[in-house]
>>> print(open('model.cif').read())   # mmCIF, C-alpha atoms
data_final
loop_
_atom_site.label_atom_id
_atom_site.label_comp_id
_atom_site.auth_asym_id
_atom_site.auth_seq_id
_atom_site.Cartn_x
_atom_site.Cartn_y
_atom_site.Cartn_z
CA MET Q 66 -65.25 49.91 50.86
CA ILE Q 67 -65.45 46.34 49.60
CA TYR Q 68 -63.04 43.78 51.03
CA TYR Q 69 -62.56 40.36 49.46
CA ILE Q 70 -61.69 37.58 51.91
CA ASP Q 71 -60.56 34.15 50.70
CA THR Q 72 -62.68 31.20 51.87
CA SER Q 73 -59.64 29.50 53.36
CA GLU Q 74 -59.34 32.44 55.76
CA ILE Q 75 -62.96 32.11 56.85
CA PHE Q 76 -63.46 28.37 57.02
CA PHE Q 77 -60.03 26.79 57.44
CA ASP Q 78 -57.68 29.25 59.12
CA ASP Q 79 -56.90 29.93 62.77
CA CYS Q 80 -58.45 33.37 62.24
CA SER Q 81 -61.87 31.92 61.45
CA ALA Q 82 -63.12 32.62 64.96
CA HIS Q 83 -62.71 36.37 64.48
CA PHE Q 84 -65.67 38.46 63.40
CA ILE Q 85 -65.45 41.63 61.40
CA ASN Q 86 -68.08 44.29 61.83
CA SER Q 87 -68.20 47.60 60.04
CA LYS Q 88 -71.14 49.80 59.10
CA ASN Q 89 -69.44 51.29 56.05
CA ASP Q 90 -67.66 48.27 54.63
CA GLU Q 91 -68.77 45.17 52.75
CA PHE Q 92 -66.95 41.86 53.15
CA ILE Q 93 -67.26 39.33 50.33
CA THR Q 94 -66.00 35.79 50.76
CA CYS Q 95 -64.39 34.56 47.55
CA GLY Q 96 -62.67 31.45 46.23
CA LYS Q 97 -63.81 27.86 46.16
CA ILE Q 98 -64.14 24.97 48.50
CA THR Q 99 -65.25 21.42 47.90
CA ILE Q 100 -67.43 19.34 50.11
CA PRO Q 101 -68.68 15.79 49.70
CA ILE Q 102 -72.46 15.42 49.73
CA VAL Q 103 -72.34 11.65 49.24
CA ASP Q 104 -70.22 8.90 50.70
CA GLU Q 105 -69.21 5.41 49.65
CA ASP Q 106 -72.48 4.06 51.10
CA ASP Q 107 -74.26 5.83 48.24
CA SER Q 108 -72.51 3.64 45.66
CA ASN Q 109 -75.67 2.95 43.58
CA PHE Q 110 -76.35 6.68 43.25
CA ILE Q 111 -72.67 7.45 42.54
CA ASN Q 112 -72.50 4.76 39.85
CA THR Q 113 -75.76 5.89 38.22
CA ALA Q 114 -74.56 9.51 38.12
CA LYS Q 115 -71.21 8.49 36.64
CA GLU Q 116 -72.38 5.90 34.13
CA LYS Q 117 -75.54 7.60 32.87
CA TYR Q 118 -74.57 11.29 33.11
CA GLY Q 119 -70.76 11.41 33.48
CA ILE Q 120 -71.11 13.17 36.84
CA ASN Q 121 -68.51 12.46 39.49
CA PHE Q 122 -69.53 13.31 43.04
CA PHE Q 123 -66.64 14.09 45.37
CA LEU Q 124 -66.10 11.67 48.23
CA ASP Q 125 -63.31 13.76 49.68
CA GLU Q 126 -62.51 17.48 49.83
CA ARG Q 127 -59.34 16.86 47.82
CA ASP Q 128 -61.15 15.26 44.85
CA CYS Q 129 -61.69 18.53 43.00
CA SER Q 130 -58.74 19.31 40.76
CA THR Q 131 -59.99 22.59 39.25
CA GLU Q 132 -58.22 25.80 40.18
CA ILE Q 133 -61.11 28.12 39.33
CA TYR Q 134 -61.70 30.97 41.74
CA ALA Q 135 -65.04 32.74 42.18
CA ILE Q 136 -66.59 35.87 43.67
CA PRO Q 137 -68.56 35.21 45.78
CA TYR Q 138 -67.20 31.84 46.81
CA ILE Q 139 -68.56 28.59 45.45
CA ASN Q 140 -68.85 25.23 47.14
CA ILE Q 141 -68.19 22.50 44.56
CA PHE Q 142 -69.63 19.02 45.14
CA ALA Q 143 -69.40 17.29 41.73
CA SER Q 144 -67.90 17.56 38.25
CA ASP Q 145 -68.24 16.23 34.74
CA GLU Q 146 -66.00 16.40 31.67
CA SER Q 147 -66.77 20.09 31.02
CA GLY Q 148 -67.23 21.66 34.41
CA VAL Q 149 -68.32 21.62 38.02
CA TYR Q 150 -71.56 21.64 39.99
CA ALA Q 151 -71.65 24.04 42.92
CA VAL Q 152 -73.66 26.11 45.33
CA ILE Q 153 -72.93 29.84 45.37
CA ASN Q 154 -72.00 31.45 48.68
CA ASP Q 155 -73.33 28.56 50.77
CA PHE Q 156 -72.93 24.89 51.65
CA PRO Q 157 -74.77 22.22 49.63
CA ASP Q 158 -77.88 21.19 51.55
CA THR Q 159 -80.71 18.97 50.32
CA LYS Q 160 -83.15 20.95 52.49
CA SER Q 161 -82.20 24.28 50.93
CA ASN Q 162 -84.32 26.10 48.34
CA LYS Q 163 -81.18 27.61 46.85
CA HIS Q 164 -80.45 26.68 43.22
CA ILE Q 165 -77.28 24.92 42.22
CA CYS Q 166 -75.11 26.17 39.40
CA TYR Q 167 -72.93 24.66 36.73
CA ILE Q 168 -69.64 26.28 35.75
CA ASN Q 169 -67.95 25.42 32.47
CA THR Q 170 -64.29 25.31 33.51
CA GLU Q 171 -63.02 26.08 30.00
CA SER Q 172 -65.15 29.13 29.19
CA LEU Q 173 -65.62 30.13 32.88
CA THR Q 174 -69.32 30.61 32.15
CA ALA Q 175 -71.77 29.91 34.98
CA TYR Q 176 -75.36 28.73 34.64
CA ASP Q 177 -78.25 28.50 37.07
CA LEU Q 178 -79.56 24.94 36.69
CA GLN Q 179 -82.96 26.09 38.01
CA CYS Q 180 -83.11 23.26 40.53
CA THR Q 181 -82.32 22.73 44.17
CA LEU Q 182 -79.83 20.12 45.31
CA MET Q 183 -82.69 17.77 46.26
CA GLU Q 184 -84.26 18.16 42.80
CA PHE Q 185 -80.84 17.57 41.21
CA VAL Q 186 -80.28 14.36 43.20
CA ASN Q 187 -83.84 13.14 42.57
CA SER Q 188 -83.55 13.74 38.82
CA ILE Q 189 -80.40 11.59 38.72
CA ASN Q 190 -82.08 8.88 40.82
CA ASN Q 191 -85.19 8.97 38.59
CA GLY Q 192 -83.16 8.86 35.37
CA ASN Q 193 -84.46 12.16 34.01
CA PHE Q 194 -81.59 14.58 34.65
CA LYS Q 195 -81.05 17.16 31.92
CA LYS Q 196 -78.23 19.68 32.21
CA GLN Q 197 -80.01 22.87 31.10
CA LEU Q 198 -77.43 25.53 30.23
CA SER Q 199 -79.86 28.22 29.15
CA ASN Q 200 -79.90 30.43 32.26
CA GLN Q 201 -76.49 32.08 32.31
CA ILE Q 202 -75.60 33.75 35.60
CA PRO Q 203 -74.55 37.39 35.05
CA SER Q 204 -70.93 38.17 35.94
CA GLY Q 205 -72.23 40.72 38.46
CA ASP Q 206 -73.77 37.86 40.44
CA LEU Q 207 -70.88 35.40 40.03
CA THR Q 208 -67.46 36.15 38.58
CA VAL Q 209 -65.27 33.15 37.78
CA TYR Q 210 -61.51 33.33 37.21
CA ARG Q 211 -59.11 30.62 36.03
CA ASN Q 212 -57.26 30.66 39.36
CA ILE Q 213 -56.44 32.84 42.36
CA SER Q 214 -53.53 34.51 40.51
CA ASP Q 215 -55.90 35.65 37.77
CA ALA Q 216 -58.39 36.91 40.37
CA LYS Q 217 -55.64 38.94 42.08
CA LYS Q 218 -55.14 40.86 38.84
CA HIS Q 219 -58.67 42.25 39.27
CA ILE Q 220 -59.25 42.40 43.03
CA LYS Q 221 -57.24 42.81 46.21
CA ILE Q 222 -57.74 39.84 48.50
CA SER Q 223 -57.47 40.93 52.13
CA LYS Q 224 -56.33 38.86 55.07
CA ILE Q 225 -58.44 38.73 58.22
CA THR Q 226 -55.34 39.60 60.20
CA ASP Q 227 -55.33 42.97 58.37
CA PHE Q 228 -58.43 43.88 60.39
CA ILE Q 229 -57.37 42.61 63.81
CA LYS Q 230 -56.22 45.37 66.13
CA LYS Q 231 -53.00 44.54 67.87
#
>>> encode(input="model.cif", output="structure tokens")
Amino acid sequence: MIYYIDTSEIFFDDCSAHFINSKNDEFITCGKITIPIVDEDDSNFINTAKEKYGINFFLDERDCSTEIYAIPYINIFASDESGVYAVINDFPDTKSNKHICYINTESLTAYDLQCTLMEFVNSINNGNFKKQLSNQIPSGDLTVYRNISDAKKHIKISKITDFIKK
């Protein structure tokens, strides 16, 4: 059986220290979190990204105002006028080979930008960033909903406490 667990249960709840192990079940972490990958010391980079490309990097976890909800979970680190930049099912890391994605928050369409976070940052620094929206991510790999209420119409989100034996 597949169980969907909200990211807040895994990363931010008192239950996060519990581990779930089952041979016959699959546990998928869903939702969204935001994490800053830059800080105020990176003001030149932040200003370049904003002025030249309209990209706003989050300096605080509360900066992201979108309510989108994804399966598996996404970790959002920046936005522009049309959508958000995120890493799927992982934390943004400049040493990672994992590609970042772009999600249009109006159409809920996700795209693989075909670059790592380091390549993304370097392209902004070098002045040659191009948002390539030609590699759409299939909904089987990433499903995006408007919000958690919409997601709950399609999946049952389980609580970790449902699996803890009392």
>>> residues_near_point(input="model.cif", point="(-78.9, 20.7, 27.4)", cutoff="12 Å", atoms="all atoms listed in the file", output="number ranges by chain")
Q: 118, 167, 176, 178, 194-200
>>> residues_around(input="model.cif", residues="Asn154 in chain Q", least_positions_apart="4", cutoff="8 Å", atoms="only C-alpha atoms", output="count of residues only")
5
>>> resolve_selection(input="model.cif", expression="the PyMOL selection byres ((chain Q and resi 174) around 9)", output="ChimeraX atom specification")
/Q:167-173,175-176,201-202,204,208-209
>>> write_last_selection(input="model.cif", atoms="C-alpha atoms", output="PDB file, in the coordinates of the input")
ATOM      1  CA  TYR Q 167     -72.930  24.660  36.730  1.00  0.00           C
ATOM      2  CA  ILE Q 168     -69.640  26.280  35.750  1.00  0.00           C
ATOM      3  CA  ASN Q 169     -67.950  25.420  32.470  1.00  0.00           C
ATOM      4  CA  THR Q 170     -64.290  25.310  33.510  1.00  0.00           C
ATOM      5  CA  GLU Q 171     -63.020  26.080  30.000  1.00  0.00           C
ATOM      6  CA  SER Q 172     -65.150  29.130  29.190  1.00  0.00           C
ATOM      7  CA  LEU Q 173     -65.620  30.130  32.880  1.00  0.00           C
ATOM      8  CA  ALA Q 175     -71.770  29.910  34.980  1.00  0.00           C
ATOM      9  CA  TYR Q 176     -75.360  28.730  34.640  1.00  0.00           C
ATOM     10  CA  GLN Q 201     -76.490  32.080  32.310  1.00  0.00           C
ATOM     11  CA  ILE Q 202     -75.600  33.750  35.600  1.00  0.00           C
ATOM     12  CA  SER Q 204     -70.930  38.170  35.940  1.00  0.00           C
ATOM     13  CA  THR Q 208     -67.460  36.150  38.580  1.00  0.00           C
ATOM     14  CA  VAL Q 209     -65.270  33.150  37.780  1.00  0.00           C
TER      15      VAL Q 209
END
>>> atom_distance(input="model.cif", atom1="CA of Ile75 in chain Q", atom2="CA of Phe92 in chain Q")
11.2 Å
>>> residues_around(input="model.cif", residues="range 216-224 of chain Q", least_positions_apart="4", cutoff="10 Å", atoms="only C-alpha atoms", output="list in words")
Ile67, Tyr68, Tyr69, Ile70, Asp71, Glu74, Ile75, Cys80, Phe92, Ile93, Thr94, Cys95, Gly96, Ile133, Tyr134, Ala135, Ile136, Thr208, Val209, Tyr210, Arg211, Asn212, Phe228 and Ile229 of chain Q
>>> closest_residue(input="model.cif", among="Q:Asp106, Q:Phe122, Q:Val149, Q:Thr72", to="Val186 in chain Q", atoms="only C-alpha atoms")
Q:Phe122
>>> atom_distance(input="model.cif", atom1="CA of Asn193 in chain Q", atom2="CA of Pro101 in chain Q")
22.5 Å
>>> residues_near_point(input="model.cif", point="(-85.4, 12.5, 41.7)", cutoff="12 Å", atoms="only C-alpha atoms", output="ChimeraX atom specification")
/Q:110,114,159,180-195
>>> resolve_selection(input="model.cif", expression="the PyMOL selection byres ((chain Q and resi 145) around 9)", output="PDB file with C-alpha atoms, in the frame of the given file")
ATOM      1  CA  LYS Q 115     -71.210   8.490  36.640  1.00  0.00           C
ATOM      2  CA  TYR Q 118     -74.570  11.290  33.110  1.00  0.00           C
ATOM      3  CA  GLY Q 119     -70.760  11.410  33.480  1.00  0.00           C
ATOM      4  CA  ILE Q 120     -71.110  13.170  36.840  1.00  0.00           C
ATOM      5  CA  ASN Q 121     -68.510  12.460  39.490  1.00  0.00           C
ATOM      6  CA  PHE Q 122     -69.530  13.310  43.040  1.00  0.00           C
ATOM      7  CA  ALA Q 143     -69.400  17.290  41.730  1.00  0.00           C
ATOM      8  CA  SER Q 144     -67.900  17.560  38.250  1.00  0.00           C
ATOM      9  CA  GLU Q 146     -66.000  16.400  31.670  1.00  0.00           C
ATOM     10  CA  SER Q 147     -66.770  20.090  31.020  1.00  0.00           C
ATOM     11  CA  GLY Q 148     -67.230  21.660  34.410  1.00  0.00           C
ATOM     12  CA  VAL Q 149     -68.320  21.620  38.020  1.00  0.00           C
ATOM     13  CA  TYR Q 150     -71.560  21.640  39.990  1.00  0.00           C
TER      14      TYR Q 150
END
>>> atom_distance(input="model.cif", atom1="CA of Ser73 in chain Q", atom2="CA of Thr131 in chain Q")
15.7 Å
>>> residues_around(input="model.cif", residues="Ile100 in chain Q", least_positions_apart="3", cutoff="10 Å", atoms="only C-alpha atoms", output="list in words")
Val103, Phe122, Phe123, Leu124, Asp125, Glu126, Arg127, Asp128, Cys129, Asn140, Ile141, Phe142, Ala143, Ala151, Phe156 and Pro157 of chain Q
>>> closest_residue(input="model.cif", among="Q:Val152, Q:Ile111, Q:Ile98, Q:Ile165", to="Ser130 in chain Q", atoms="all atoms listed in the file")
Q:Ile98
>>> closest_residue(input="model.cif", among="Q:Ile153, Q:Asp107, Q:His164, Q:Lys117", to="Asp206 in chain Q", atoms="only C-alpha atoms")
Q:Ile153
